[in-house]
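The structure appears right after this line, and notes come after that.
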Amino acid sequence: MPSFSVGLSRVFSSIRSRRVAPYLLLPVALLAMVSFVAFRHPSALSSPAHSLSNPLVLPAGWPAPPVPADNPITAEKFTLGRYLFYETALSGDGKTSCSSCHDVYVSFASAGSAGSHSGAFGVQSKPARMVPRLENVAYDTVLTWDGHIQTLEDQVAIAVQKKGDLQGDTTVVFANLAAIPAYGVMFTRAFGDPAITLDRIAKAIATFERCFISGNSPYDQYVSGNTSAMDSSSIRGMNLFFDTTKGGAKCAECHNNLGNQGLTSANIFTDNNYYRTGTFEPSQPGAGYGFPTPKDSNLDAGRAAVTGDSADIGKFRTPSLRNVAIRGPYGADGTVGSLLQIIENYNAGGGTSFDSGITTIRISNQDPRIKPLGLTSAQMLDLEAFLNSLTDVSFISNQAFRDPGAPSIVEDGYVIANNLSLYPNPSTGVVNIECPDFTGSTNASLISENGATVWRQTLNSDGKLRLDFSGVANGSYRLVLHSSDARQTIPIVLQH
Ligand code: HEC
Ligand code: HEC
């Protein structure tokens, strides 16, 4: 199979104004890390192939995630959901999208420094809790840190309208979307007619999120037979992690598939249950766990916010540990900044008390399994190495999950509906595109950033085009497709 690497450039980013996160250097740092990891694990970069007809790509041996009967996964909903996930027109301020908080570079979580909740931006405010990752979210039986939401569809409908999230007024949101002609086409493809409803927005975005499958980390490669995918330290760490007997680290008591112990590649590293570990106790004044009071409205009740039961105060849903090394800070409150610090906290059996800023109070509700572990420093480093081996570079670099760019562009009086789909398909310059609006003779040209036409061909399109850019230099371009009744532009980055 020819290989190429193509990315959707930000050429048209001025069309949609976005908030610029202050941690813009993070992607750069990540890319540096990605190239380092890629160097160590060449096979980690073999992205699963996505195609228009099959957006849900499961690694070998993984069960299909549950999908609601009234929202089967289709390519058309995936495409629409992808545009909507990055769509600032869904928000009350016209600047925020799901991706303002759920950043693909950090597995759809957000990154910042400990205790600050930085890195995430909603309309007017930062979220009160850390932004969860979204990889493998399709397998979760409950959502959010305290389980107050059950389905991906419900979650979208809430996030679009919720104060502090997108804070969108649906009447305005629907009108904004309807004003973008490309959405008429995409809603029709996905649902049969162009009507825009919250239910359809929710179904499309939920479909996009259900396809976020991450199962190609060095750990996955190791358990599927590639014994050189992990080094000896991370293998020792893995054995400690899954060892629930005396002397083991017992992490798999909770960070494991629904109680299913043992090494399986399809592990989602959470049992979707709620515990207070005592290893993430916020110590800064004005923060901490408990029912909020008029005096202290910042207290987080955890699971008790849902059950109303004080026995659930400070309990949170076990988070997945996949891609944990690239996100953080950690815990619902972002209190702990490093993985090694977390491991040291677990090794100490958690804190036995926390400082509310004024008095020292015993932790209630701590899970009885969290006890001093007696691990040596070398063993703790091994555990950290294991957590690092859960990073799936092919997931965060999968172009099918990235911002597809502006959904419509008006050029030379043409309304250009963006129905192009271009999936990662590593090659040295051959780009495969599905473009159902184009049939018959189609002119394709590649325009450089300074406006020069660097490549041009006339092809016969049957709704699919194979374009050979192998002679074109690396860089950012606009690909313009033009036939007798359709015209489209798409940003393309070439990296041979
Ligand atoms: C202001 C930042 C922000 C925005 C914008 C935002 N989210 Fe979230 N999201 C969060 C936070 C914080 C949580 C955790 C909330 C909690 O646990 O109480 C969350 C939770 C979730 C979850 C549950 C994940 C899990 O594992 O528990 C999903 C799914 C999700 N968001 C999807 C979306 C989608 C889709 C959008 C756009 C429609 C969106 N979010 C917009 C911050 C945001
Ligand atoms: C009793 C169940 C339980 C056990 C055992 C357990 N954890 Fe956790 N873990 C949790 C819960 C619950 C949280 C979320 C805690 C919070 O927000 O206060 C968590 C959070 C984490 C986080 C932060 C993840 C994030 O996204 O914020 C890491 C890392 C972690 N645990 C690693 C480990 C390791 C390593 C071990 C073994 C030494 C371990 N855990 C043992 C339940 C457990």
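Residue numbering restarts at 1 for every chain of the structure tokens, chains are lettered A, B, ... in their displayed order, and ligands are numbered from 1 as they appear.
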
Next item on the list: Give the strand (DSSP E or B) residues of stretch 97-287 of chain A, as DSSP finds them on the backbone, and put them as a PyMOL selection string.
Entry: chain A and resi 103+109+143+149+274-276

Keeping only C-alpha atoms, write the selected residues to a file as a PDB file, in the first residue's frame.
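Generated output (result-v6.pdb):
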```pdb
ATOM      1  CA  ASP A 103      -8.204  18.481  22.925  1.00  0.00           C
ATOM      2  CA  ALA A 109      -8.781  15.708  27.730  1.00  0.00           C
ATOM      3  CA  LEU A 143     -20.102   9.155  32.184  1.00  0.00           C
ATOM      4  CA  ILE A 149     -24.803  11.325  32.893  1.00  0.00           C
ATOM      5  CA  TYR A 274     -16.810   5.010  42.384  1.00  0.00           C
ATOM      6  CA  TYR A 275     -14.229   5.183  45.158  1.00  0.00           C
ATOM      7  CA  ARG A 276     -12.451   7.633  47.375  1.00  0.00           C
TER       8      ARG A 276
END
```

Check: Mind listing the residues within 8 Å of ligand 1, only C-alpha atoms and all ligand atoms counted, as a ChimeraX atom specification?
Finding: /A:84-85,90,96-102,120-123,125-134,137,140,142-149,152,155-160,164-166,202,205-206,209,319,332

What does the file look like for those residues with C-alpha atoms, as an mmCIF file, in the first residue's frame?
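Now in result_11.cif:
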```
data_model
loop_
_atom_site.group_PDB
_atom_site.id
_atom_site.type_symbol
_atom_site.label_atom_id
_atom_site.label_comp_id
_atom_site.auth_asym_id
_atom_site.auth_seq_id
_atom_site.Cartn_x
_atom_site.Cartn_y
_atom_site.Cartn_z
ATOM 1 C CA LEU A 84 -19.968 19.640 14.857
ATOM 2 C CA PHE A 85 -17.415 18.620 17.506
ATOM 3 C CA LEU A 90 -22.750 25.555 18.659
ATOM 4 C CA THR A 96 -16.157 27.758 21.909
ATOM 5 C CA SER A 97 -16.527 24.200 20.704
ATOM 6 C CA CYS A 98 -16.293 20.784 22.333
ATOM 7 C CA SER A 99 -12.638 20.848 21.298
ATOM 8 C CA SER A 100 -11.968 23.977 23.397
ATOM 9 C CA CYS A 101 -11.926 21.613 26.372
ATOM 10 C CA HIS A 102 -11.517 18.194 24.744
ATOM 11 C CA ALA A 120 -9.893 24.186 29.257
ATOM 12 C CA PHE A 121 -12.085 27.076 28.208
ATOM 13 C CA GLY A 122 -15.821 27.118 28.276
ATOM 14 C CA VAL A 123 -18.038 30.086 27.650
ATOM 15 C CA SER A 125 -15.567 30.081 32.788
ATOM 16 C CA LYS A 126 -13.286 27.149 33.357
ATOM 17 C CA PRO A 127 -14.897 23.843 34.243
ATOM 18 C CA ALA A 128 -15.039 22.938 37.926
ATOM 19 C CA ARG A 129 -13.584 19.463 37.338
ATOM 20 C CA MET A 130 -10.802 18.184 35.155
ATOM 21 C CA VAL A 131 -11.842 17.418 31.585
ATOM 22 C CA PRO A 132 -11.973 13.620 31.118
ATOM 23 C CA ARG A 133 -10.293 11.923 28.157
ATOM 24 C CA LEU A 134 -12.660 10.602 25.491
ATOM 25 C CA VAL A 137 -15.608 6.336 25.914
ATOM 26 C CA ASP A 140 -18.033 3.293 29.486
ATOM 27 C CA VAL A 142 -21.507 5.721 32.957
ATOM 28 C CA LEU A 143 -20.102 9.155 32.184
ATOM 29 C CA THR A 144 -18.524 12.027 34.126
ATOM 30 C CA TRP A 145 -16.536 11.870 37.377
ATOM 31 C CA ASP A 146 -19.630 11.274 39.496
ATOM 32 C CA GLY A 147 -21.778 9.385 36.984
ATOM 33 C CA HIS A 148 -24.497 12.008 36.636
ATOM 34 C CA ILE A 149 -24.803 11.325 32.893
ATOM 35 C CA LEU A 152 -23.107 10.048 25.037
ATOM 36 C CA GLN A 155 -24.083 14.338 27.372
ATOM 37 C CA VAL A 156 -23.943 16.256 24.065
ATOM 38 C CA ALA A 157 -27.373 17.769 24.598
ATOM 39 C CA ILE A 158 -26.301 18.907 28.075
ATOM 40 C CA ALA A 159 -22.880 20.278 27.021
ATOM 41 C CA VAL A 160 -24.365 22.317 24.157
ATOM 42 C CA GLY A 164 -20.022 27.334 31.315
ATOM 43 C CA ASP A 165 -19.783 24.640 28.636
ATOM 44 C CA LEU A 166 -21.053 25.772 25.232
ATOM 45 C CA ALA A 202 -26.406 14.712 19.780
ATOM 46 C CA ILE A 205 -21.469 13.933 17.824
ATOM 47 C CA ALA A 206 -22.046 10.757 19.874
ATOM 48 C CA GLU A 209 -17.043 9.991 19.837
ATOM 49 C CA PRO A 319 -10.621 7.086 35.403
ATOM 50 C CA ALA A 332 -11.165 15.133 39.427
#
```

Report as JSON lines the residues of chain A within 8 Å of ligand 2, each with its shortest atom pair and distance in Å (one decimal), using only C-alpha atoms and all ligand atoms, ordered by chain and increasing residue number.
```
{"residue": "A:Met130", "atom": "CA", "partner": "ligand 2", "partner_atom_place_in_ligand_line": "27 (O)", "distance": 7.8}
{"residue": "A:Pro132", "atom": "CA", "partner": "ligand 2", "partner_atom_place_in_ligand_line": "26 (O)", "distance": 6.9}
{"residue": "A:Arg133", "atom": "CA", "partner": "ligand 2", "partner_atom_place_in_ligand_line": "26 (O)", "distance": 7.5}
{"residue": "A:Trp145", "atom": "CA", "partner": "ligand 2", "partner_atom_place_in_ligand_line": "17 (O)", "distance": 7.4}
{"residue": "A:Phe241", "atom": "CA", "partner": "ligand 2", "partner_atom_place_in_ligand_line": "37 (C)", "distance": 6.0}
{"residue": "A:Ala249", "atom": "CA", "partner": "ligand 2", "partner_atom_place_in_ligand_line": "38 (C)", "distance": 4.7}
{"residue": "A:Lys250", "atom": "CA", "partner": "ligand 2", "partner_atom_place_in_ligand_line": "37 (C)", "distance": 5.4}
{"residue": "A:Cys251", "atom": "CA", "partner": "ligand 2", "partner_atom_place_in_ligand_line": "37 (C)", "distance": 3.3}
{"residue": "A:Ala252", "atom": "CA", "partner": "ligand 2", "partner_atom_place_in_ligand_line": "5 (C)", "distance": 6.5}
{"residue": "A:Glu253", "atom": "CA", "partner": "ligand 2", "partner_atom_place_in_ligand_line": "5 (C)", "distance": 5.0}
{"residue": "A:Cys254", "atom": "CA", "partner": "ligand 2", "partner_atom_place_in_ligand_line": "2 (C)", "distance": 4.3}
{"residue": "A:His255", "atom": "CA", "partner": "ligand 2", "partner_atom_place_in_ligand_line": "7 (N)", "distance": 6.0}
{"residue": "A:Asn273", "atom": "CA", "partner": "ligand 2", "partner_atom_place_in_ligand_line": "12 (C)", "distance": 7.4}
{"residue": "A:Tyr274", "atom": "CA", "partner": "ligand 2", "partner_atom_place_in_ligand_line": "12 (C)", "distance": 5.6}
{"residue": "A:Tyr275", "atom": "CA", "partner": "ligand 2", "partner_atom_place_in_ligand_line": "12 (C)", "distance": 4.4}
{"residue": "A:Arg276", "atom": "CA", "partner": "ligand 2", "partner_atom_place_in_ligand_line": "12 (C)", "distance": 5.6}
{"residue": "A:Thr277", "atom": "CA", "partner": "ligand 2", "partner_atom_place_in_ligand_line": "1 (C)", "distance": 5.8}
{"residue": "A:Gly278", "atom": "CA", "partner": "ligand 2", "partner_atom_place_in_ligand_line": "18 (O)", "distance": 6.9}
{"residue": "A:Thr279", "atom": "CA", "partner": "ligand 2", "partner_atom_place_in_ligand_line": "18 (O)", "distance": 6.7}
{"residue": "A:Phe280", "atom": "CA", "partner": "ligand 2", "partner_atom_place_in_ligand_line": "18 (O)", "distance": 4.8}
{"residue": "A:Glu281", "atom": "CA", "partner": "ligand 2", "partner_atom_place_in_ligand_line": "18 (O)", "distance": 6.8}
{"residue": "A:Gly314", "atom": "CA", "partner": "ligand 2", "partner_atom_place_in_ligand_line": "18 (O)", "distance": 6.9}
{"residue": "A:Lys315", "atom": "CA", "partner": "ligand 2", "partner_atom_place_in_ligand_line": "12 (C)", "distance": 6.5}
{"residue": "A:Phe316", "atom": "CA", "partner": "ligand 2", "partner_atom_place_in_ligand_line": "12 (C)", "distance": 4.9}
{"residue": "A:Arg317", "atom": "CA", "partner": "ligand 2", "partner_atom_place_in_ligand_line": "12 (C)", "distance": 5.0}
{"residue": "A:Thr318", "atom": "CA", "partner": "ligand 2", "partner_atom_place_in_ligand_line": "12 (C)", "distance": 3.8}
{"residue": "A:Pro319", "atom": "CA", "partner": "ligand 2", "partner_atom_place_in_ligand_line": "26 (O)", "distance": 5.2}
{"residue": "A:Ser320", "atom": "CA", "partner": "ligand 2", "partner_atom_place_in_ligand_line": "26 (O)", "distance": 6.4}
{"residue": "A:Leu321", "atom": "CA", "partner": "ligand 2", "partner_atom_place_in_ligand_line": "24 (C)", "distance": 5.9}
{"residue": "A:Val324", "atom": "CA", "partner": "ligand 2", "partner_atom_place_in_ligand_line": "26 (O)", "distance": 6.0}
{"residue": "A:Arg327", "atom": "CA", "partner": "ligand 2", "partner_atom_place_in_ligand_line": "26 (O)", "distance": 7.5}
{"residue": "A:Gly328", "atom": "CA", "partner": "ligand 2", "partner_atom_place_in_ligand_line": "27 (O)", "distance": 6.4}
{"residue": "A:Pro329", "atom": "CA", "partner": "ligand 2", "partner_atom_place_in_ligand_line": "27 (O)", "distance": 6.7}
{"residue": "A:Tyr330", "atom": "CA", "partner": "ligand 2", "partner_atom_place_in_ligand_line": "27 (O)", "distance": 3.4}
{"residue": "A:Gly331", "atom": "CA", "partner": "ligand 2", "partner_atom_place_in_ligand_line": "17 (O)", "distance": 3.4}
{"residue": "A:Ala332", "atom": "CA", "partner": "ligand 2", "partner_atom_place_in_ligand_line": "17 (O)", "distance": 3.9}
{"residue": "A:Asp333", "atom": "CA", "partner": "ligand 2", "partner_atom_place_in_ligand_line": "17 (O)", "distance": 6.5}
{"residue": "A:Gly334", "atom": "CA", "partner": "ligand 2", "partner_atom_place_in_ligand_line": "27 (O)", "distance": 7.0}
{"residue": "A:Leu339", "atom": "CA", "partner": "ligand 2", "partner_atom_place_in_ligand_line": "29 (C)", "distance": 5.6}
{"residue": "A:Ile342", "atom": "CA", "partner": "ligand 2", "partner_atom_place_in_ligand_line": "29 (C)", "distance": 6.2}
{"residue": "A:Ile343", "atom": "CA", "partner": "ligand 2", "partner_atom_place_in_ligand_line": "35 (C)", "distance": 5.3}
{"residue": "A:Tyr346", "atom": "CA", "partner": "ligand 2", "partner_atom_place_in_ligand_line": "38 (C)", "distance": 5.4}
{"residue": "A:Asn347", "atom": "CA", "partner": "ligand 2", "partner_atom_place_in_ligand_line": "38 (C)", "distance": 6.6}
{"residue": "A:Asp367", "atom": "CA", "partner": "ligand 2", "partner_atom_place_in_ligand_line": "1 (C)", "distance": 5.4}
{"residue": "A:Pro368", "atom": "CA", "partner": "ligand 2", "partner_atom_place_in_ligand_line": "1 (C)", "distance": 7.6}
{"residue": "A:Arg369", "atom": "CA", "partner": "ligand 2", "partner_atom_place_in_ligand_line": "1 (C)", "distance": 5.8}
{"residue": "A:Ile370", "atom": "CA", "partner": "ligand 2", "partner_atom_place_in_ligand_line": "5 (C)", "distance": 5.9}
{"residue": "A:Leu373", "atom": "CA", "partner": "ligand 2", "partner_atom_place_in_ligand_line": "38 (C)", "distance": 8.0}
{"residue": "A:Leu383", "atom": "CA", "partner": "ligand 2", "partner_atom_place_in_ligand_line": "35 (C)", "distance": 6.4}
{"residue": "A:Glu384", "atom": "CA", "partner": "ligand 2", "partner_atom_place_in_ligand_line": "35 (C)", "distance": 7.4}
{"residue": "A:Leu387", "atom": "CA", "partner": "ligand 2", "partner_atom_place_in_ligand_line": "35 (C)", "distance": 7.4}
```

Using 12 Å as the limit and counting only C-alpha atoms, can you tabulate each residue of stretch 158-252 of chain A that touches stretch 433-452 of chain A, with its shortest atom-to-atom distance in Å and the two atoms involved, as a Markdown table?
```
| residue | atom | partner | partner_atom | distance |
| --- | --- | --- | --- | --- |
| A:Ala182 | CA | A:Asp437 | CA | 11.9 |
| A:Val185 | CA | A:Asp437 | CA | 10.2 |
| A:Met186 | CA | A:Pro436 | CA | 11.7 |
| A:Arg189 | CA | A:Pro436 | CA | 10.7 |
```

Same residues, N, CA and C atoms, output as a tab-separated table (two decimals), in the first residue's frame:
```tsv
chain	number	residue	atom	x	y	z
A	182	ALA	N	-23.23	23.95	3.96
A	182	ALA	CA	-22.68	22.59	4.02
A	182	ALA	C	-23.44	21.73	5.01
A	185	VAL	N	-26.44	19.90	3.56
A	185	VAL	CA	-26.02	18.69	2.85
A	185	VAL	C	-25.69	17.57	3.84
A	186	MET	N	-24.93	17.93	4.88
A	186	MET	CA	-24.47	16.89	5.81
A	186	MET	C	-25.61	16.33	6.66
A	189	ARG	N	-27.54	13.97	4.39
A	189	ARG	CA	-26.84	12.69	4.22
A	189	ARG	C	-26.99	11.82	5.46
```

Mind dumping a table of every stretch 134-211 of chain A residue within 10 Å of stretch 59-66 of chain A, with the nearest atom pair and its distance in Å to one decimal, using only C-alpha atoms, sorted by chain and rising number, as a Markdown table?
```
| residue | atom | partner | partner_atom | distance |
| --- | --- | --- | --- | --- |
| A:Asn136 | CA | A:Pro65 | CA | 8.7 |
| A:Val137 | CA | A:Pro65 | CA | 9.2 |
| A:Ala138 | CA | A:Pro65 | CA | 5.8 |
| A:Tyr139 | CA | A:Pro65 | CA | 5.4 |
| A:Asp140 | CA | A:Pro65 | CA | 8.9 |
| A:Thr141 | CA | A:Pro66 | CA | 9.2 |
| A:Arg210 | CA | A:Pro65 | CA | 7.9 |
| A:Cys211 | CA | A:Pro65 | CA | 9.2 |
```

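One finds atom CA of A:Gln150 at 22.2 Å from atom CA of A:Phe291.
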
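Nearest residue to A:Thr74, choosing from A:Leu481, A:Met230, A:Leu56, A:Ala305 and counting only C-alpha atoms: A:Leu56.
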
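If you look at atom CA of A:Val223 and atom CA of A:Asn239, they are 12.2 Å away from each other.
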
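Here the question is which of A:Glu76, A:Asp231, A:Asp462, A:Asp243 gets nearest to A:Gly192 using only C-alpha atoms, and that residue is A:Glu76.
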
Note to self: Among stretch 126-256 of chain A, which residues does DSSP mark as helix (DSSP H, G or I) when it is run on the backbone? Keep the chain and numbering as in the structure and answer as a PyMOL selection string.
What the structure shows: chain A and resi 137-139+152-161+170-178+181-191+198-210+218-223+232-242+251-253
